[in-house]
$ cat model.txt   # compact mmCIF, C-alpha atoms
# COMPACT_ATOMS: atom_id res chain seq x y z
CA MET A 1 83.34 258.30 59.72
CA ARG A 2 82.75 254.99 61.46
CA ASN A 3 84.74 251.95 60.49
CA ARG A 4 81.70 250.01 59.29
CA HIS A 5 80.77 252.76 56.86
CA ALA A 6 84.35 253.37 55.84
CA LEU A 7 84.81 249.85 54.52
CA ALA A 8 86.03 250.65 51.05
CA LEU A 9 85.90 247.11 49.83
CA THR A 10 86.37 245.44 46.52
CA LEU A 11 84.11 242.45 46.14
CA ALA A 12 87.12 240.20 46.32
CA ALA A 13 88.02 241.60 49.72
CA ALA A 14 84.46 241.70 50.98
CA ALA A 15 84.36 238.07 52.08
CA ALA A 16 86.91 238.80 54.75
CA LEU A 17 84.48 241.17 56.43
CA ALA A 18 82.32 238.37 57.77
CA ALA A 19 85.22 237.09 59.84
CA VAL A 20 85.68 240.33 61.78
CA PRO A 21 84.60 239.74 65.39
CA ALA A 22 81.50 241.57 66.59
CA SER A 23 81.73 243.89 69.51
CA LEU A 24 80.98 242.35 72.89
CA PRO A 25 78.21 243.50 75.22
CA ALA A 26 78.77 246.43 77.53
CA ALA A 27 80.97 245.65 80.48
CA ALA A 28 79.29 244.67 83.70
CA ALA A 29 78.53 247.64 85.88
CA THR A 30 78.84 247.76 89.62
CA PRO A 31 75.35 247.82 91.12
CA ALA A 32 74.46 251.06 92.80
CA ASN A 33 73.76 251.15 96.52
CA PRO A 34 70.25 249.64 96.73
CA THR A 35 68.99 252.12 99.32
CA ALA A 36 70.25 255.16 97.45
CA ALA A 37 69.06 253.83 94.10
CA LYS A 38 65.51 253.22 95.33
CA ALA A 39 65.17 256.90 96.18
CA HIS A 40 65.93 257.85 92.56
CA CYS A 41 64.29 255.13 90.49
CA PRO A 42 63.60 256.49 86.98
CA GLN A 43 59.85 256.76 86.33
CA LEU A 44 57.79 256.86 83.14
CA SER A 45 55.89 260.11 82.76
CA LYS A 46 52.35 259.97 84.10
CA LYS A 47 51.36 262.81 81.79
CA LEU A 48 51.55 260.54 78.73
CA THR A 49 48.70 258.18 77.93
CA TRP A 50 49.20 254.43 77.68
CA TYR A 51 46.50 251.83 77.17
CA GLY A 52 45.12 250.21 80.32
CA ASP A 53 47.84 249.30 82.81
CA ASN A 54 50.63 249.18 80.23
CA ARG A 55 52.62 251.96 81.88
CA ALA A 56 52.57 250.03 85.17
CA LYS A 57 53.69 246.82 83.45
CA LEU A 58 56.60 248.56 81.75
CA GLN A 59 57.53 250.40 84.93
CA GLN A 60 57.60 247.11 86.83
CA MET A 61 59.97 245.64 84.24
CA ILE A 62 62.21 248.72 84.45
CA ASP A 63 62.26 248.55 88.25
CA GLU A 64 63.06 244.83 88.23
CA ARG A 65 65.74 244.84 85.51
CA GLY A 66 67.22 248.32 85.86
CA ARG A 67 69.52 249.81 88.48
CA CYS A 68 66.75 249.74 91.10
CA GLY A 69 66.21 246.00 90.74
CA SER A 70 67.57 243.17 92.81
CA HIS A 71 69.29 241.84 89.70
CA ARG A 72 70.66 243.76 86.73
CA GLY A 73 70.26 240.97 84.24
CA HIS A 74 71.10 237.32 84.51
CA ASP A 75 74.80 237.79 83.76
CA ARG A 76 75.20 241.06 85.72
CA ASN A 77 75.78 243.03 82.50
CA ARG A 78 73.69 246.06 81.70
CA PRO A 79 70.20 244.97 80.58
CA VAL A 80 69.35 245.61 76.94
CA ALA A 81 66.23 247.03 75.33
CA ALA A 82 65.76 246.89 71.55
CA PHE A 83 63.16 248.62 69.41
CA ASP A 84 62.08 248.42 65.82
CA TRP A 85 61.88 251.87 64.25
CA ASP A 86 59.09 252.50 61.69
CA ASN A 87 55.67 252.67 63.34
CA THR A 88 57.23 251.60 66.65
CA VAL A 89 59.23 254.65 67.70
CA VAL A 90 57.83 256.94 65.01
CA LYS A 91 54.50 257.13 63.23
CA ASN A 92 54.84 256.20 59.53
CA ASP A 93 57.74 254.92 57.47
CA ILE A 94 61.00 256.86 57.25
CA THR A 95 62.21 254.75 54.32
CA ASP A 96 59.18 255.74 52.28
CA ALA A 97 59.73 259.36 53.28
CA THR A 98 63.37 259.24 52.17
CA ILE A 99 62.59 257.53 48.88
CA ALA A 100 59.76 259.99 48.20
CA TRP A 101 62.04 262.97 48.85
CA SER A 102 64.75 261.43 46.67
CA LEU A 103 62.35 260.82 43.79
CA HIS A 104 60.98 264.34 44.08
CA HIS A 105 64.54 265.73 43.89
CA ASP A 106 66.11 263.49 41.20
CA LYS A 107 68.50 261.65 43.53
CA ILE A 108 68.22 258.10 42.12
CA LEU A 109 71.12 257.28 39.81
CA ARG A 110 70.54 255.25 36.68
CA PRO A 111 72.11 251.78 37.11
CA ALA A 112 73.97 250.00 34.33
CA SER A 113 71.00 247.62 34.34
CA TRP A 114 68.06 247.37 36.70
CA LYS A 115 68.54 243.61 36.75
CA SER A 116 71.93 244.10 38.43
CA THR A 117 70.40 245.97 41.39
CA SER A 118 68.89 242.82 42.93
CA LYS A 119 69.76 239.15 42.60
CA TRP A 120 66.02 238.36 42.57
CA MET A 121 64.77 240.95 40.09
CA THR A 122 62.66 239.46 37.33
CA ASP A 123 63.02 240.11 33.63
CA GLU A 124 59.56 241.68 33.73
CA ALA A 125 60.65 244.22 36.35
CA ASP A 126 63.90 244.92 34.50
CA LYS A 127 61.97 245.64 31.32
CA ALA A 128 59.32 247.71 33.10
CA LEU A 129 61.90 249.89 34.87
CA THR A 130 63.97 250.28 31.69
CA LYS A 131 60.90 251.27 29.69
CA ALA A 132 59.61 253.69 32.33
CA CYS A 133 62.95 255.34 33.14
CA GLY A 134 64.50 255.14 29.68
CA THR A 135 68.11 254.87 28.58
CA LYS A 136 68.85 258.47 27.57
CA VAL A 137 70.32 259.38 30.96
CA PRO A 138 73.97 258.20 31.17
CA VAL A 139 74.70 255.39 33.62
CA GLY A 140 75.46 256.82 37.08
CA LYS A 141 73.63 260.10 36.46
CA PRO A 142 70.38 261.20 38.17
CA LEU A 143 67.08 260.08 36.71
CA PRO A 144 64.52 262.92 36.22
CA THR A 145 61.98 261.32 38.57
CA SER A 146 60.64 264.69 39.74
CA THR A 147 59.03 265.14 36.33
CA ASP A 148 59.01 261.58 34.96
CA THR A 149 55.90 260.18 36.64
CA ASP A 150 56.20 256.78 34.95
CA CYS A 151 59.74 256.24 36.26
CA ALA A 152 58.88 257.37 39.79
CA ASP A 153 55.77 255.17 39.77
CA GLU A 154 57.62 252.07 38.66
CA ILE A 155 60.42 252.49 41.21
CA PHE A 156 58.02 253.10 44.08
CA GLU A 157 55.72 250.22 43.14
CA VAL A 158 58.65 247.79 43.09
CA ARG A 159 59.78 249.05 46.50
CA GLU A 160 56.32 249.13 48.04
CA ASP A 161 54.63 245.96 46.78
CA GLY A 162 57.35 243.97 45.02
CA LYS A 163 55.43 244.31 41.74
CA THR A 164 55.54 246.32 38.54
CA MET A 165 52.84 248.82 37.71
CA SER A 166 51.29 246.19 35.43
CA GLY A 167 51.08 243.75 38.36
CA ALA A 168 53.92 241.41 37.38
CA ALA A 169 56.17 240.05 40.15
CA ALA A 170 59.28 242.22 40.51
CA PHE A 171 61.25 239.54 42.36
CA ALA A 172 61.44 235.78 41.97
CA GLY A 173 63.65 232.88 43.01
CA GLU A 174 64.50 231.39 46.36
CA TRP A 175 65.16 233.16 49.64
CA ASP A 176 64.41 232.46 53.28
CA HIS A 177 61.29 234.50 53.97
CA ARG A 178 62.25 234.84 57.63
CA HIS A 179 65.69 236.21 56.79
CA THR A 180 64.91 238.77 54.10
CA VAL A 181 62.40 240.23 51.67
CA PRO A 182 63.80 241.49 48.34
CA GLN A 183 61.97 244.82 48.19
CA TYR A 184 63.35 245.78 51.62
CA ALA A 185 66.86 244.73 50.62
CA TRP A 186 66.44 246.71 47.39
CA VAL A 187 66.18 250.08 49.18
CA PRO A 188 69.90 250.59 49.97
CA GLN A 189 70.68 248.94 46.63
CA LEU A 190 68.56 251.62 44.98
CA PHE A 191 70.96 254.22 46.39
CA ALA A 192 74.06 252.49 45.01
CA GLY A 193 76.58 255.03 43.75
CA HIS A 194 75.88 257.56 46.50
CA THR A 195 78.12 258.11 49.50
CA VAL A 196 76.83 257.62 53.04
CA PRO A 197 76.90 261.39 53.76
CA GLU A 198 74.83 262.01 50.64
CA LEU A 199 72.19 259.49 51.68
CA GLU A 200 72.20 260.91 55.20
CA SER A 201 71.55 264.37 53.78
CA TYR A 202 68.55 263.10 51.81
CA ALA A 203 67.17 261.42 54.92
CA ALA A 204 67.69 264.60 56.96
CA LYS A 205 65.84 266.73 54.43
CA ALA A 206 63.01 264.22 54.23
CA ARG A 207 62.88 264.14 58.03
CA LYS A 208 62.57 267.91 58.24
CA GLN A 209 59.78 267.88 55.67
CA VAL A 210 57.61 265.16 57.21
CA LEU A 211 58.05 266.39 60.79
CA ALA A 212 56.86 269.84 59.69
CA ALA A 213 53.80 268.49 57.86
CA PRO A 214 50.53 268.33 59.83
CA VAL A 215 49.28 265.00 61.18
CA GLY A 216 47.22 263.34 58.47
CA ALA A 217 49.04 265.00 55.57
CA THR A 218 49.70 262.97 52.43
CA GLN A 219 52.08 263.29 49.51
CA THR A 220 52.12 261.93 45.98
CA VAL A 221 54.92 259.88 44.43
CA GLY A 222 54.20 259.38 40.78
CA THR A 223 50.55 258.44 41.13
CA HIS A 224 50.98 256.82 44.57
CA GLU A 225 49.47 258.64 47.53
CA ILE A 226 51.40 257.95 50.74
CA PRO A 227 51.61 259.52 54.22
CA GLY A 228 53.29 262.90 54.06
CA TYR A 229 54.03 263.31 57.75
CA ALA A 230 55.87 261.54 60.56
CA ARG A 231 56.01 262.01 64.31
CA TYR A 232 58.15 260.66 67.11
CA TYR A 233 55.87 258.99 69.62
CA ASP A 234 56.13 260.92 72.91
CA GLN A 235 55.49 257.73 74.89
CA GLN A 236 58.32 255.87 73.19
CA ARG A 237 60.71 258.79 73.53
CA ASP A 238 59.89 258.85 77.26
CA LEU A 239 60.26 255.08 77.54
CA ILE A 240 63.67 255.14 75.88
CA ARG A 241 64.82 258.03 78.06
CA THR A 242 63.61 256.25 81.21
CA LEU A 243 65.28 252.98 80.22
CA LYS A 244 68.60 254.73 79.69
CA LYS A 245 68.34 256.48 83.07
CA ALA A 246 67.63 253.09 84.63
CA GLY A 247 70.88 251.69 83.24
CA PHE A 248 69.67 249.91 80.10
CA ASP A 249 71.60 249.80 76.86
CA VAL A 250 68.99 250.79 74.26
CA TYR A 251 69.28 249.77 70.61
CA ILE A 252 67.32 250.35 67.42
CA VAL A 253 67.04 247.34 65.09
CA SER A 254 65.47 248.20 61.74
CA ALA A 255 65.02 246.58 58.33
CA GLY A 256 65.72 249.95 56.73
CA SER A 257 68.97 251.39 55.42
CA GLU A 258 71.34 252.13 58.29
CA PRO A 259 72.36 255.69 57.30
CA VAL A 260 68.68 256.66 57.05
CA THR A 261 67.82 255.08 60.40
CA GLU A 262 70.77 256.77 62.10
CA VAL A 263 69.57 260.21 61.00
CA TRP A 264 66.30 259.57 62.83
CA SER A 265 67.48 257.56 65.84
CA LYS A 266 69.59 260.40 67.22
CA GLY A 267 66.28 262.22 67.75
CA VAL A 268 65.58 259.88 70.67
CA GLY A 269 69.15 259.87 71.96
CA ILE A 270 70.31 256.69 70.22
CA ASP A 271 73.78 256.97 68.69
CA ARG A 272 75.27 255.21 65.67
CA LYS A 273 76.81 252.48 67.81
CA HIS A 274 73.36 251.53 69.05
CA THR A 275 71.61 251.68 65.66
CA ILE A 276 71.45 248.45 63.67
CA ALA A 277 69.94 248.29 60.17
CA ILE A 278 70.92 247.13 56.67
CA ARG A 279 74.65 247.79 56.32
CA SER A 280 75.87 248.35 52.79
CA VAL A 281 79.36 247.49 51.65
CA LEU A 282 81.15 250.54 50.25
CA ASP A 283 83.50 250.65 47.31
CA ARG A 284 87.01 252.14 47.47
CA LYS A 285 85.62 255.63 46.92
CA GLY A 286 83.20 255.29 49.81
CA ARG A 287 80.13 254.80 47.62
CA ILE A 288 77.27 252.47 48.48
CA THR A 289 77.21 249.21 46.51
CA THR A 290 74.51 246.60 46.00
CA TRP A 291 76.31 244.32 48.50
CA ASN A 292 75.48 244.08 52.21
CA GLN A 293 77.44 243.04 55.27
CA GLY A 294 76.49 239.59 56.56
CA CYS A 295 75.17 238.04 59.74
CA GLY A 296 75.88 234.73 61.43
CA ASP A 297 77.10 232.20 58.90
CA VAL A 298 76.02 234.39 55.96
CA PRO A 299 79.00 236.37 54.62
CA VAL A 300 78.84 239.55 52.54
CA ASN A 301 75.79 239.10 50.39
CA LYS A 302 73.21 240.64 48.05
CA GLY A 303 70.44 240.86 50.61
CA GLU A 304 70.06 237.35 52.03
CA ALA A 305 70.50 238.30 55.71
CA ILE A 306 68.98 241.65 56.59
CA PRO A 307 67.42 242.56 59.97
CA TYR A 308 64.05 241.02 59.09
CA ILE A 309 62.02 238.57 61.26
CA ASP A 310 64.62 235.96 62.32
CA GLY A 311 67.28 238.23 60.83
CA LYS A 312 66.67 240.77 63.60
CA ARG A 313 67.52 238.09 66.15
CA CYS A 314 70.71 237.28 64.24
CA TRP A 315 71.84 240.89 64.16
CA ILE A 316 71.07 241.39 67.85
CA ASN A 317 72.93 238.22 68.80
CA GLN A 318 75.91 239.12 66.64
CA GLU A 319 76.23 242.85 67.27
CA ILE A 320 75.14 243.09 70.90
CA TYR A 321 76.09 239.73 72.40
CA GLY A 322 78.99 238.73 70.17
CA VAL A 323 77.48 235.42 69.06
CA LYS A 324 79.37 234.12 66.02
CA GLY A 325 78.50 231.89 63.09
CA LYS A 326 75.36 229.85 62.58
CA SER A 327 74.46 230.09 66.29
CA ALA A 328 73.60 233.76 65.82
CA TRP A 329 70.31 232.66 64.24
CA ASP A 330 69.34 230.65 67.35
CA LYS A 331 67.47 231.75 70.46
CA GLN A 332 70.09 232.27 73.16
CA ASP A 333 70.06 231.54 76.90
CA PRO A 334 68.43 234.26 79.08
CA SER A 335 71.78 235.87 79.93
CA HIS A 336 72.29 236.61 76.24
CA ARG A 337 68.84 237.95 75.41
CA ILE A 338 67.30 241.40 75.57
CA ALA A 339 65.14 242.39 78.54
CA LEU A 340 62.66 244.47 76.50
CA GLY A 341 61.73 244.20 72.86
CA GLY A 342 59.42 246.63 71.07
CA GLY A 343 57.83 246.26 67.63
CA ASP A 344 54.70 246.61 65.56
CA ALA A 345 54.78 243.98 62.83
CA ASP A 346 55.58 240.39 61.89
CA THR A 347 59.06 241.61 60.95
CA ASP A 348 59.66 242.10 64.69
CA VAL A 349 58.02 238.99 66.12
CA THR A 350 61.19 236.95 66.74
CA PHE A 351 63.33 239.46 68.60
CA VAL A 352 60.37 240.88 70.52
CA GLY A 353 59.48 237.33 71.54
CA ASP A 354 63.07 236.70 72.68
CA ALA A 355 62.82 239.40 75.36
CA THR A 356 62.93 238.08 78.91
CA GLY A 357 61.21 240.99 80.67
CA ALA A 358 58.53 242.49 78.42
CA HIS A 359 57.33 242.21 74.82
CA LEU A 360 55.88 245.56 73.73
CA VAL A 361 53.72 245.49 70.59
CA LEU A 362 51.95 248.38 68.90
CA ASN A 363 48.84 246.98 67.26
CA ARG A 364 48.84 247.31 63.48
CA ASN A 365 46.71 244.20 62.90
CA LYS A 366 49.67 242.09 61.75
CA ASN A 367 48.80 238.42 62.08
CA GLU A 368 51.84 236.58 63.46
CA VAL A 369 52.94 239.14 66.03
CA MET A 370 49.38 239.77 67.24
CA CYS A 371 48.73 236.04 67.60
CA ARG A 372 51.72 235.75 69.93
CA ALA A 373 50.86 238.96 71.74
CA TYR A 374 47.26 237.99 72.46
CA ASP A 375 48.17 234.40 73.30
CA ASN A 376 50.53 235.92 75.90
CA ALA A 377 52.15 232.59 76.67
CA ASP A 378 54.56 233.93 79.31
CA GLY A 379 52.32 236.70 80.66
CA ARG A 380 54.79 239.40 79.61
CA TRP A 381 53.24 240.70 76.38
CA VAL A 382 52.20 244.36 76.46
CA VAL A 383 49.84 245.38 73.64
CA ASN A 384 49.14 249.03 72.92
CA PRO A 385 47.26 250.79 70.11
CA MET A 386 49.33 253.12 67.96
CA PHE A 387 49.63 256.42 69.79
CA ILE A 388 48.64 258.44 66.70
CA GLU A 389 45.81 257.42 64.38
CA PRO A 390 45.38 253.94 65.90
CA MET A 391 43.93 251.10 63.83
CA LYS A 392 40.28 250.19 64.16
CA GLN A 393 39.42 246.83 65.70
CA LYS A 394 40.05 243.94 63.35
CA PRO A 395 36.55 242.59 62.69
CA ASP A 396 37.48 238.93 62.28
CA LEU A 397 39.76 236.62 64.27
CA TYR A 398 43.48 236.43 63.66
CA PRO A 399 44.03 233.10 61.81
CA CYS A 400 46.60 231.88 64.36
CA SER A 401 45.70 228.20 64.14
CA THR A 402 45.98 227.99 60.35
CA ALA A 403 47.65 230.79 58.41
CA ALA A 404 49.37 233.45 60.56
CA ASN A 405 52.94 232.14 60.74
CA ASN A 406 55.37 233.28 58.05
CA GLU A 407 57.12 230.11 56.91
CA PRO A 408 60.68 230.16 55.49
CA ASP A 409 59.41 229.16 52.03
CA GLY A 410 56.91 232.00 51.91
CA SER A 411 53.84 229.96 52.74
CA LYS A 412 51.58 230.52 55.74
CA GLY A 413 51.11 228.07 58.61
CA PRO A 414 49.87 227.82 62.19
CA VAL A 415 51.58 229.74 64.98
CA LEU A 416 53.15 227.30 67.44
CA ARG A 417 54.15 227.76 71.04
CA GLU A 418 57.54 226.53 72.24
CA ASP A 419 55.98 223.25 73.38
CA GLY A 420 54.63 222.66 69.87
CA SER A 421 50.98 223.36 70.69
CA VAL A 422 48.98 225.49 68.28
CA VAL A 423 47.98 229.02 69.22
CA PRO A 424 44.19 229.29 68.86
CA ASP A 425 42.65 232.03 66.74
CA GLN A 426 42.60 235.33 68.61
CA ALA A 427 40.17 238.24 68.76
CA ASP A 428 41.48 241.78 68.44
CA ALA A 429 41.02 243.26 71.90
CA VAL A 430 43.36 246.27 72.12
CA TYR A 431 42.60 249.04 69.62
$ encode --input "model.txt" --output "structure tokens"
Amino acid sequence: MRNRHALALTLAAAAALAAVPASLPAAAATPANPTAAKAHCPQLSKKLTWYGDNRAKLQQMIDERGRCGSHRGHDRNRPVAAFDWDNTVVKNDITDATIAWSLHHDKILRPASWKSTSKWMTDEADKALTKACGTKVPVGKPLPTSTDTDCADEIFEVREDGKTMSGAAAFAGEWDHRHTVPQYAWVPQLFAGHTVPELESYAAKARKQVLAAPVGATQTVGTHEIPGYARYYDQQRDLIRTLKKAGFDVYIVSAGSEPVTEVWSKGVGIDRKHTIAIRSVLDRKGRITTWNQGCGDVPVNKGEAIPYIDGKRCWINQEIYGVKGKSAWDKQDPSHRIALGGGDADTDVTFVGDATGAHLVLNRNKNEVMCRAYDNADGRWVVNPMFIEPMKQKPDLYPCSTAANNEPDGSKGPVLREDGSVVPDQADAVY
């Protein structure tokens, strides 16, 4: 098992983890002979459909930044591409699929108290979960969520919308809304008490189930109806394969639980070393705890610094480029930034925007990322509809000038360019 998942830490020892140096970027490679390389430049498949001239734009970036280009990145290291996972590389949400499978098969263990599972959980949510799931099951034993609809409903509602079934807020307090969101951080915390291999096995079984289900299938969790299928996007699989052939280091950066993401990422040839997601601290018996590994100047924590909006930048800077401390939250110089970033939502807007070669966005009508994509300030944004069941055109303008930016305090504000000017409202043009 990898070192990062074999960290059998007591909470007292956990603080030392933040001081461990991150791995450095891949060593600089010797450029191939330009003449020979040009004859074998990796090409995106022309059999797969992209919107408009998007294939050509991505191919140009690959040719310029990859082994066929005149430069292999500003610092001569291998260029880096980074992708979000859910609804970017695959259709639908693998976290939801894993939670659904786990609830259907009684894999959630009863905590000593629901309040202890998240530092932001409200008393209302604690009471709702306790009432729905009961106290008859001993602490640490599986809850009967396959038959207890009320318990499954309450758990899934807290995860999905950050609310109880009665509509009360499940989380409250202060957090930086560009560094984390409690219901995302709660997912690995929900699996506290399990080992990494156990969680991986649940994810693998959920993966098998949703890949076998027909496109359009749904499933029921409690009384929630959610997508019951998932598919790898052929275009993204081909893009990742082509990037790797062209000499790129390709990473996945997800706001999901890392063991779950790793089960899926190997399906597109991405190994554990190149998969970044929420990393849980393990106890001395190798079981997942409610603590997470930290990023930048945030040490081991209860969910304050997950790969979410600006947090994805921090994790990329720290894990790929070896940037330490508070600086990991900052936009780096071009030699320490990714060449290609791919995402689909506001959770991805910062790292996708940091890319120096191309910003690939799958349109899911998310305000902040679509405002930046359509504004196309540097001319390198590539917008594509989802490859399966694409969204319909958004009928009204994106509120870029007033309420599309996700502010750290949770409010909404105008989207600003680097020079401080306001991005005007944008029409949805790619759907």
$ closest_residue --input "model.txt" --among "A:Cys41, A:Ala185, A:Leu190, A:Ala358" --to "A:Ile108" --atoms "only C-alpha atoms"
A:Leu190
$ closest_residue --input "model.txt" --among "A:Met121, A:Ile320, A:Leu397, A:Ile388" --to "A:Gly216" --atoms "all atoms listed in the file"
A:Ile388
$ closest_residue --input "model.txt" --among "A:Gly379, A:Gly420, A:Gly286, A:Gly296" --to "A:Ser401" --atoms "only C-alpha atoms"
A:Gly420
$ closest_atom_pairs --input "model.txt" --of "stretch 169-278 of chain A" --to "stretch 359-368 of chain A" --cutoff "12 Å" --atoms "all atoms listed in the file" --output "CSV"
residue,atom,partner,partner_atom,distance
A:Tyr233,CA,A:Leu362,CA,11.3
A:Gln235,CA,A:Leu362,CA,11.7
A:Gln236,CA,A:Leu360,CA,10.6
A:Leu239,CA,A:Leu360,CA,11.2
$ atom_distance --input "model.txt" --atom1 "atom CA of A:Glu225" --atom2 "atom CA of A:Ala203"
19.4 Å
$ closest_residue --input "model.txt" --among "A:Ala97, A:Met61, A:Cys68, A:Ala81" --to "A:Ala213" --atoms "only C-alpha atoms"
A:Ala97
$ atom_distance --input "model.txt" --atom1 "atom CA of A:Asn301" --atom2 "atom CA of A:Val281"
9.2 Å
$ residues_around --input "model.txt" --residues "A:Gly52" --least-positions-apart "2" --cutoff "10 Å" --atoms "all atoms listed in the file" --output "ChimeraX atom specification"
/A:49-50,54-57,382-384,430
$ atom_distance --input "model.txt" --atom1 "atom CA of A:Leu416" --atom2 "atom CA of A:Lys394"
21.6 Å
$ closest_residue --input "model.txt" --among "A:Met165, A:Arg110, A:Ala170, A:Ala305" --to "A:Pro142" --atoms "all atoms listed in the file"
A:Arg110
$ axis_aligned_box --input "model.txt" --around "stretch 329-333 of chain A" --padding-each-side "4 Å" --output "AutoDock Vina command-line options"
--center_x 68.9 --center_y 231.7 --center_z 70.6 --size_x 10.8 --size_y 10.0 --size_z 20.7
$ residues_around --input "model.txt" --residues "A:Pro214" --least-positions-apart "3" --cutoff "12 Å" --atoms "all atoms listed in the file" --output "ChimeraX atom specification"
/A:209-211,217-219,227-231
$ residues_around --input "model.txt" --residues "A:Ser201" --least-positions-apart "3" --cutoff "10 Å" --atoms "only C-alpha atoms" --output "MDAnalysis selection string"
chainID A and resid 98 196:198 204:207 259:260 263
$ residues_around --input "model.txt" --residues "A:His224" --least-positions-apart "6" --cutoff "9 Å" --atoms "all atoms listed in the file" --output "PyMOL selection string"
chain A and resi 153+156-157
$ write_last_selection --input "model.txt" --atoms "C-alpha atoms" --output "short mmCIF file (atom, residue, chain, number, x, y, z; two decimals), in the coordinates of the input"
data_model
loop_
_atom_site.label_atom_id
_atom_site.label_comp_id
_atom_site.auth_asym_id
_atom_site.auth_seq_id
_atom_site.Cartn_x
_atom_site.Cartn_y
_atom_site.Cartn_z
CA ASP A 153 55.77 255.17 39.77
CA PHE A 156 58.02 253.10 44.08
CA GLU A 157 55.72 250.22 43.14
#
$ residues_near_point --input "model.txt" --point "(63.4, 254.0, 29.9)" --cutoff "12 Å" --atoms "all atoms listed in the file" --output "NGL selection string"
:A and (110-111 or 113-114 or 126-139 or 143-145 or 148-152 or 154-155)
$ residues_around --input "model.txt" --residues "stretch 265-277 of chain A" --least-positions-apart "3" --cutoff "7 Å" --atoms "all atoms listed in the file" --output "VMD selection string"
chain A and resid 237 250 to 258 261 to 262 307
$ closest_residue --input "model.txt" --among "A:Ala429, A:Ile226, A:Leu243, A:Ile288" --to "A:Phe191" --atoms "all atoms listed in the file"
A:Ile288
$ residues_near_point --input "model.txt" --point "(68.6, 242.7, 39.8)" --cutoff "10 Å" --atoms "only C-alpha atoms" --output "PyMOL selection string"
chain A and resi 113-123+125-126+170-171+182+186+189+290+302
